[in-house]
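Okay, model.pdb is below, PDB, C-alpha atoms, pLDDT in the B column:
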ATOM      1  CA  MET A   1     -42.668  75.024-210.878  1.00 40.00           C
ATOM      2  CA  PHE A   2     -46.192  74.724-212.268  1.00 44.00           C
ATOM      3  CA  ASP A   3     -47.132  76.653-215.373  1.00 57.00           C
ATOM      4  CA  PRO A   4     -49.645  79.482-214.694  1.00 65.00           C
ATOM      5  CA  LEU A   5     -52.749  77.406-215.496  1.00 59.00           C
ATOM      6  CA  ILE A   6     -51.761  74.486-213.277  1.00 55.00           C
ATOM      7  CA  ASN A   7     -50.775  76.925-210.547  1.00 62.00           C
ATOM      8  CA  PHE A   8     -54.167  78.605-210.789  1.00 67.00           C
ATOM      9  CA  LEU A   9     -55.998  75.281-210.648  1.00 60.00           C
ATOM     10  CA  VAL A  10     -53.990  74.045-207.670  1.00 57.00           C
ATOM     11  CA  ASN A  11     -54.866  77.235-205.809  1.00 66.00           C
ATOM     12  CA  THR A  12     -58.503  77.061-206.915  1.00 68.00           C
ATOM     13  CA  ILE A  13     -58.909  73.428-205.905  1.00 65.00           C
ATOM     14  CA  GLY A  14     -57.023  74.117-202.691  1.00 60.00           C
ATOM     15  CA  HIS A  15     -59.509  76.847-201.786  1.00 76.00           C
ATOM     16  CA  MET A  16     -62.681  75.164-203.051  1.00 78.00           C
ATOM     17  CA  GLY A  17     -61.714  71.672-201.957  1.00 84.00           C
ATOM     18  CA  TYR A  18     -63.629  68.647-203.141  1.00 90.00           C
ATOM     19  CA  PRO A  19     -66.671  70.669-204.335  1.00 91.00           C
ATOM     20  CA  GLY A  20     -64.248  72.480-206.645  1.00 87.00           C
ATOM     21  CA  ILE A  21     -63.196  69.166-208.177  1.00 90.00           C
ATOM     22  CA  VAL A  22     -66.833  68.165-208.655  1.00 91.00           C
ATOM     23  CA  ALA A  23     -67.632  71.520-210.281  1.00 86.00           C
ATOM     24  CA  LEU A  24     -64.642  71.505-212.632  1.00 85.00           C
ATOM     25  CA  MET A  25     -65.224  67.874-213.632  1.00 88.00           C
ATOM     26  CA  PHE A  26     -68.884  68.665-214.245  1.00 89.00           C
ATOM     27  CA  LEU A  27     -67.764  71.323-216.721  1.00 81.00           C
ATOM     28  CA  GLU A  28     -65.239  68.934-218.274  1.00 80.00           C
ATOM     29  CA  SER A  29     -67.884  66.273-218.779  1.00 82.00           C
ATOM     30  CA  SER A  30     -70.684  68.490-220.031  1.00 76.00           C
ATOM     31  CA  PHE A  31     -70.982  71.446-222.356  1.00 65.00           C
ATOM     32  CA  PHE A  32     -67.696  73.198-221.562  1.00 67.00           C
ATOM     33  CA  PRO A  33     -64.538  71.684-223.143  1.00 61.00           C
ATOM     34  CA  PHE A  34     -62.481  71.857-219.955  1.00 67.00           C
ATOM     35  CA  PRO A  35     -59.839  69.095-219.884  1.00 73.00           C
ATOM     36  CA  SER A  36     -59.791  66.740-216.894  1.00 73.00           C
ATOM     37  CA  GLU A  37     -56.029  66.496-217.408  1.00 77.00           C
ATOM     38  CA  VAL A  38     -55.622  69.888-215.733  1.00 78.00           C
ATOM     39  CA  VAL A  39     -58.085  69.209-212.905  1.00 83.00           C
ATOM     40  CA  ILE A  40     -57.346  65.820-211.363  1.00 89.00           C
ATOM     41  CA  PRO A  41     -53.499  65.747-211.458  1.00 88.00           C
ATOM     42  CA  PRO A  42     -53.221  68.969-209.378  1.00 86.00           C
ATOM     43  CA  ALA A  43     -55.674  67.471-206.890  1.00 88.00           C
ATOM     44  CA  GLY A  44     -53.582  64.294-206.824  1.00 91.00           C
ATOM     45  CA  TYR A  45     -50.542  66.440-206.126  1.00 89.00           C
ATOM     46  CA  LEU A  46     -52.320  68.107-203.208  1.00 88.00           C
ATOM     47  CA  ALA A  47     -53.150  64.617-201.912  1.00 92.00           C
ATOM     48  CA  SER A  48     -49.456  63.684-202.047  1.00 89.00           C
ATOM     49  CA  LYS A  49     -48.760  66.750-199.886  1.00 88.00           C
ATOM     50  CA  GLY A  50     -51.329  65.619-197.349  1.00 89.00           C
ATOM     51  CA  GLN A  51     -53.686  68.511-198.127  1.00 88.00           C
ATOM     52  CA  MET A  52     -56.377  66.271-199.655  1.00 91.00           C
ATOM     53  CA  ASN A  53     -57.422  62.621-199.483  1.00 94.00           C
ATOM     54  CA  LEU A  54     -56.642  60.676-202.666  1.00 94.00           C
ATOM     55  CA  GLY A  55     -59.707  58.433-202.380  1.00 95.00           C
ATOM     56  CA  ILE A  56     -62.055  61.395-201.969  1.00 95.00           C
ATOM     57  CA  VAL A  57     -60.314  63.191-204.860  1.00 95.00           C
ATOM     58  CA  ILE A  58     -61.099  60.196-207.078  1.00 95.00           C
ATOM     59  CA  LEU A  59     -64.681  59.999-205.794  1.00 96.00           C
ATOM     60  CA  ALA A  60     -65.218  63.730-206.386  1.00 95.00           C
ATOM     61  CA  GLY A  61     -63.806  63.409-209.907  1.00 94.00           C
ATOM     62  CA  VAL A  62     -66.137  60.526-210.761  1.00 95.00           C
ATOM     63  CA  VAL A  63     -69.162  62.295-209.253  1.00 96.00           C
ATOM     64  CA  GLY A  64     -68.415  65.441-211.256  1.00 93.00           C
ATOM     65  CA  SER A  65     -67.996  63.393-214.433  1.00 92.00           C
ATOM     66  CA  LEU A  66     -71.315  61.620-213.829  1.00 94.00           C
ATOM     67  CA  LEU A  67     -73.171  64.866-213.193  1.00 94.00           C
ATOM     68  CA  GLY A  68     -71.806  66.426-216.371  1.00 91.00           C
ATOM     69  CA  ALA A  69     -72.645  63.292-218.370  1.00 91.00           C
ATOM     70  CA  ILE A  70     -76.186  63.252-216.974  1.00 92.00           C
ATOM     71  CA  PHE A  71     -76.574  66.919-217.953  1.00 88.00           C
ATOM     72  CA  ASN A  72     -75.584  66.207-221.566  1.00 84.00           C
ATOM     73  CA  TYR A  73     -77.758  63.086-221.615  1.00 88.00           C
ATOM     74  CA  TRP A  74     -80.734  65.102-220.337  1.00 87.00           C
ATOM     75  CA  ILE A  75     -80.209  67.820-222.967  1.00 82.00           C
ATOM     76  CA  ALA A  76     -80.128  65.190-225.716  1.00 81.00           C
ATOM     77  CA  VAL A  77     -83.263  63.476-224.391  1.00 83.00           C
ATOM     78  CA  LYS A  78     -85.230  66.718-224.045  1.00 80.00           C
ATOM     79  CA  MET A  79     -84.047  68.605-227.107  1.00 76.00           C
ATOM     80  CA  GLY A  80     -82.192  66.207-229.398  1.00 70.00           C
ATOM     81  CA  ARG A  81     -84.818  64.028-231.031  1.00 68.00           C
ATOM     82  CA  PRO A  82     -87.498  66.754-231.387  1.00 70.00           C
ATOM     83  CA  PHE A  83     -84.865  69.025-232.926  1.00 66.00           C
ATOM     84  CA  PHE A  84     -83.743  66.448-235.483  1.00 63.00           C
ATOM     85  CA  GLU A  85     -87.296  65.314-236.202  1.00 64.00           C
ATOM     86  CA  ARG A  86     -88.121  68.893-237.174  1.00 64.00           C
ATOM     87  CA  TRP A  87     -84.869  70.141-238.671  1.00 56.00           C
ATOM     88  CA  GLY A  88     -82.940  66.937-239.392  1.00 54.00           C
ATOM     89  CA  MET A  89     -83.494  67.123-243.142  1.00 57.00           C
ATOM     90  CA  TYR A  90     -81.295  70.230-243.235  1.00 51.00           C
ATOM     91  CA  PHE A  91     -78.476  68.306-241.508  1.00 48.00           C
ATOM     92  CA  LEU A  92     -78.948  65.145-243.596  1.00 51.00           C
ATOM     93  CA  VAL A  93     -80.290  63.321-240.523  1.00 54.00           C
ATOM     94  CA  SER A  94     -83.404  61.339-241.387  1.00 59.00           C
ATOM     95  CA  GLU A  95     -85.910  59.517-239.217  1.00 62.00           C
ATOM     96  CA  LYS A  96     -84.292  56.285-240.377  1.00 65.00           C
ATOM     97  CA  THR A  97     -80.895  57.498-239.149  1.00 62.00           C
ATOM     98  CA  LEU A  98     -82.369  58.280-235.738  1.00 66.00           C
ATOM     99  CA  GLN A  99     -83.902  54.820-235.549  1.00 68.00           C
ATOM    100  CA  LYS A 100     -80.598  53.199-236.492  1.00 68.00           C
ATOM    101  CA  SER A 101     -78.896  55.236-233.777  1.00 69.00           C
ATOM    102  CA  GLU A 102     -81.408  54.006-231.222  1.00 69.00           C
ATOM    103  CA  VAL A 103     -80.985  50.390-232.285  1.00 74.00           C
ATOM    104  CA  PHE A 104     -77.195  50.725-232.183  1.00 75.00           C
ATOM    105  CA  PHE A 105     -77.193  52.079-228.629  1.00 76.00           C
ATOM    106  CA  VAL A 106     -79.647  49.427-227.484  1.00 73.00           C
ATOM    107  CA  ARG A 107     -77.236  46.761-228.719  1.00 78.00           C
ATOM    108  CA  HIS A 108     -73.864  48.422-228.239  1.00 81.00           C
ATOM    109  CA  GLY A 109     -74.458  51.433-225.991  1.00 78.00           C
ATOM    110  CA  HIS A 110     -72.616  49.904-223.059  1.00 84.00           C
ATOM    111  CA  ILE A 111     -69.314  49.364-224.877  1.00 87.00           C
ATOM    112  CA  SER A 112     -69.655  52.668-226.764  1.00 86.00           C
ATOM    113  CA  THR A 113     -70.193  54.628-223.551  1.00 89.00           C
ATOM    114  CA  PHE A 114     -67.380  52.855-221.716  1.00 90.00           C
ATOM    115  CA  ILE A 115     -64.842  53.293-224.522  1.00 90.00           C
ATOM    116  CA  GLY A 116     -66.002  56.843-225.225  1.00 86.00           C
ATOM    117  CA  ARG A 117     -65.291  57.943-221.651  1.00 88.00           C
ATOM    118  CA  LEU A 118     -61.669  56.858-222.052  1.00 87.00           C
ATOM    119  CA  LEU A 119     -60.887  58.611-225.334  1.00 84.00           C
ATOM    120  CA  PRO A 120     -59.850  62.276-225.639  1.00 78.00           C
ATOM    121  CA  GLY A 121     -62.227  64.422-227.647  1.00 75.00           C
ATOM    122  CA  ILE A 122     -65.005  61.838-227.313  1.00 79.00           C
ATOM    123  CA  ARG A 123     -65.547  61.610-223.568  1.00 80.00           C
ATOM    124  CA  GLN A 124     -67.332  64.982-223.484  1.00 76.00           C
ATOM    125  CA  LEU A 125     -69.598  64.074-226.418  1.00 77.00           C
ATOM    126  CA  ILE A 126     -70.541  60.414-225.931  1.00 83.00           C
ATOM    127  CA  SER A 127     -73.453  61.324-223.638  1.00 83.00           C
ATOM    128  CA  LEU A 128     -75.229  63.147-226.461  1.00 79.00           C
ATOM    129  CA  PRO A 129     -75.828  60.182-228.806  1.00 81.00           C
ATOM    130  CA  ALA A 130     -76.629  58.042-225.753  1.00 85.00           C
ATOM    131  CA  GLY A 131     -79.327  60.494-224.729  1.00 84.00           C
ATOM    132  CA  LEU A 132     -80.511  60.958-228.291  1.00 81.00           C
ATOM    133  CA  ALA A 133     -80.968  57.188-228.595  1.00 81.00           C
ATOM    134  CA  ARG A 134     -82.542  57.100-225.104  1.00 83.00           C
ATOM    135  CA  MET A 135     -80.075  54.529-223.835  1.00 86.00           C
ATOM    136  CA  PRO A 136     -81.416  53.074-220.542  1.00 87.00           C
ATOM    137  CA  LEU A 137     -80.283  55.469-217.818  1.00 89.00           C
ATOM    138  CA  LYS A 138     -79.082  52.783-215.406  1.00 90.00           C
ATOM    139  CA  ARG A 139     -76.883  51.194-218.076  1.00 90.00           C
ATOM    140  CA  PHE A 140     -75.651  54.615-219.175  1.00 91.00           C
ATOM    141  CA  LEU A 141     -74.658  55.596-215.637  1.00 93.00           C
ATOM    142  CA  THR A 142     -72.986  52.242-214.945  1.00 93.00           C
ATOM    143  CA  PHE A 143     -70.677  52.324-217.956  1.00 93.00           C
ATOM    144  CA  THR A 144     -70.088  56.063-217.671  1.00 93.00           C
ATOM    145  CA  ALA A 145     -68.949  55.525-214.080  1.00 94.00           C
ATOM    146  CA  LEU A 146     -66.680  52.643-215.109  1.00 94.00           C
ATOM    147  CA  GLY A 147     -64.992  54.555-217.920  1.00 93.00           C
ATOM    148  CA  SER A 148     -64.755  57.810-215.983  1.00 92.00           C
ATOM    149  CA  GLY A 149     -63.534  55.999-212.880  1.00 93.00           C
ATOM    150  CA  ILE A 150     -60.630  54.380-214.700  1.00 94.00           C
ATOM    151  CA  TRP A 151     -59.585  57.682-216.283  1.00 93.00           C
ATOM    152  CA  VAL A 152     -59.866  59.650-213.034  1.00 94.00           C
ATOM    153  CA  VAL A 153     -57.826  57.031-211.148  1.00 95.00           C
ATOM    154  CA  ILE A 154     -55.079  57.229-213.790  1.00 92.00           C
ATOM    155  CA  LEU A 155     -54.985  61.036-213.638  1.00 92.00           C
ATOM    156  CA  ALA A 156     -55.065  61.094-209.844  1.00 93.00           C
ATOM    157  CA  PHE A 157     -52.082  58.767-209.529  1.00 92.00           C
ATOM    158  CA  ILE A 158     -50.126  60.672-212.167  1.00 90.00           C
ATOM    159  CA  GLY A 159     -50.658  63.818-210.116  1.00 89.00           C
ATOM    160  CA  TYR A 160     -49.862  61.995-206.888  1.00 90.00           C
ATOM    161  CA  TRP A 161     -46.540  60.725-208.209  1.00 88.00           C
ATOM    162  CA  VAL A 162     -45.291  63.584-210.412  1.00 84.00           C
ATOM    163  CA  GLY A 163     -47.790  66.401-209.901  1.00 69.00           C
ATOM    164  CA  ASN A 164     -45.167  68.932-208.882  1.00 67.00           C
ATOM    165  CA  ASN A 165     -43.487  68.722-212.282  1.00 70.00           C
ATOM    166  CA  SER A 166     -45.655  69.896-215.181  1.00 72.00           C
ATOM    167  CA  GLU A 167     -43.189  68.575-217.772  1.00 77.00           C
ATOM    168  CA  LEU A 168     -43.346  65.072-216.310  1.00 80.00           C
ATOM    169  CA  VAL A 169     -47.140  65.306-215.991  1.00 78.00           C
ATOM    170  CA  ASN A 170     -47.432  66.122-219.710  1.00 80.00           C
ATOM    171  CA  LYS A 171     -45.018  63.325-220.567  1.00 85.00           C
ATOM    172  CA  PHE A 172     -46.968  60.753-218.553  1.00 84.00           C
ATOM    173  CA  LEU A 173     -50.290  62.014-219.919  1.00 83.00           C
ATOM    174  CA  HIS A 174     -49.046  61.669-223.491  1.00 84.00           C
ATOM    175  CA  LYS A 175     -47.866  58.101-222.921  1.00 88.00           C
ATOM    176  CA  THR A 176     -51.026  57.221-221.011  1.00 86.00           C
ATOM    177  CA  THR A 177     -53.249  58.563-223.787  1.00 86.00           C
ATOM    178  CA  ILE A 178     -51.419  56.483-226.400  1.00 91.00           C
ATOM    179  CA  VAL A 179     -51.676  53.336-224.261  1.00 90.00           C
ATOM    180  CA  THR A 180     -55.357  54.011-223.583  1.00 89.00           C
ATOM    181  CA  ILE A 181     -56.122  54.387-227.288  1.00 90.00           C
ATOM    182  CA  ILE A 182     -54.302  51.128-228.051  1.00 92.00           C
ATOM    183  CA  VAL A 183     -56.139  49.266-225.273  1.00 91.00           C
ATOM    184  CA  CYS A 184     -59.503  50.658-226.404  1.00 89.00           C
ATOM    185  CA  THR A 185     -58.758  49.595-229.981  1.00 91.00           C
ATOM    186  CA  ILE A 186     -58.000  46.066-228.786  1.00 93.00           C
ATOM    187  CA  ILE A 187     -61.229  45.988-226.759  1.00 90.00           C
ATOM    188  CA  ILE A 188     -63.239  47.103-229.803  1.00 90.00           C
ATOM    189  CA  ILE A 189     -61.607  44.439-232.008  1.00 91.00           C
ATOM    190  CA  ILE A 190     -62.348  41.712-229.450  1.00 90.00           C
ATOM    191  CA  TYR A 191     -65.913  42.966-229.042  1.00 88.00           C
ATOM    192  CA  VAL A 192     -66.581  43.006-232.809  1.00 86.00           C
ATOM    193  CA  TRP A 193     -65.015  39.546-233.157  1.00 87.00           C
ATOM    194  CA  LYS A 194     -67.219  38.223-230.349  1.00 85.00           C
ATOM    195  CA  ILE A 195     -70.366  39.720-231.905  1.00 81.00           C
ATOM    196  CA  LYS A 196     -69.545  38.188-235.314  1.00 80.00           C
ATOM    197  CA  ASN A 197     -68.948  34.779-233.748  1.00 79.00           C
ATOM    198  CA  GLN A 198     -72.275  34.948-231.941  1.00 75.00           C
ATOM    199  CA  LYS A 199     -74.044  35.671-235.239  1.00 68.00           C
ATOM    200  CA  THR A 200     -72.377  32.775-237.032  1.00 66.00           C
ATOM    201  CA  SER A 201     -72.826  30.253-234.228  1.00 59.00           C
TER     202      SER A 201
END

Please lay out the structure from this file as structure tokens.
Amino acid sequence: MFDPLINFLVNTIGHMGYPGIVALMFLESSFFPFPSEVVIPPAGYLASKGQMNLGIVILAGVVGSLLGAIFNYWIAVKMGRPFFERWGMYFLVSEKTLQKSEVFFVRHGHISTFIGRLLPGIRQLISLPAGLARMPLKRFLTFTALGSGIWVVILAFIGYWVGNNSELVNKFLHKTTIVTIIVCTIIIIIYVWKIKNQKTS
């Protein structure tokens, strides 16, 4: 049996269909801290029952994530820099800090965005510094889609395989999160090592 929240989401997604996935993932990826872990696995479960198409579930999840990320990016572009230029001194954020942030995202925005979309607690926030630094939109969307796509695929298959057992879902999610953090750490180490070698060569 699903716990009440999962049960509610299964019913909600079942009634709203793919637009419901897009809407919930938009919230998850934008201003509302709504975890994707309770959106995509139930949809994957419905796909295993033949009530939804797994490929379209994944596509809807990625589209919703992109829309939410674009929303946060847009907010940061429109409001972020002017806000910090005017009030940054009260938050210990100087003009120099803003410039360093911009330079960082010009050089490393792609890897930061990609990794950020895979890490819990960061995936909802990574769009804000990207927008604040005015990371090129095409690059931002590309690496957001890559990171979000990988995470949505993982969640969808977890739901597809064990979505009718909330205890197993939580168990798989816990293990998957640990593995993801380890893999991301390895990627960061390799990336830093590569950058250092390029500077010394």

- Select, from A:Ile181, A:Val153, A:Val106, A:Ile75, the residue with the minimum atom-to-atom distance to Glu37 in chain A, counting only C-alpha atoms.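 Closest residue, counting only C-alpha atoms: A:Val153.
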
- Given the file shown, enumerate the residues that the PyMOL selection byres ((chain A and resi 116) around 10) captures and present them as a PyMOL selection string. chain A and resi 110-115+117-127+143-144+147-148+184

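From CA of Met25 in chain A back to CA of Gly64 in chain A, the distance works out to 4.7 Å.
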
Per-residue nearest contacts range 107-180 of chain A to range 43-48 of chain A, cut-off 8 Å, using all atoms listed in the file, as a tab-separated table:
residue	atom	partner	partner_atom	distance
A:Leu155	CA	A:Gly44	CA	7.7
A:Ala156	CA	A:Gly44	CA	4.6
A:Phe157	CA	A:Gly44	CA	6.3
A:Ile158	CA	A:Gly44	CA	7.3
A:Gly159	CA	A:Gly44	CA	4.4
A:Tyr160	CA	A:Gly44	CA	4.4
A:Trp161	CA	A:Tyr45	CA	7.3
A:Val162	CA	A:Tyr45	CA	7.4
A:Gly163	CA	A:Tyr45	CA	4.7
A:Asn164	CA	A:Tyr45	CA	6.5

- Message: For a test of reading the model, state the distance in Å between CA of Gly109 in chain A and CA of Val77 in chain A, rounded to one decimal.
- Response: 15.0 Å

- Coordinates-based distance that separates CA of Phe105 in chain A from CA of Arg134 in chain A (Å, one decimal):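 That distance, rounded to one decimal, is 8.1 Å.
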
- Query: Which is closest to Gly149 in chain A among A:Met16, A:Pro42, A:Lys171, A:Val62, if we use all atoms listed in the file?
  - Reply: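 The closest residue to Gly149 in chain A is A:Val62.
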
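For the residues A:Ile195, A:Ile150, A:Leu132, A:Ile70, ranking by smallest atom-to-atom distance to Ile58 in chain A using only C-alpha atoms places A:Ile150 first.
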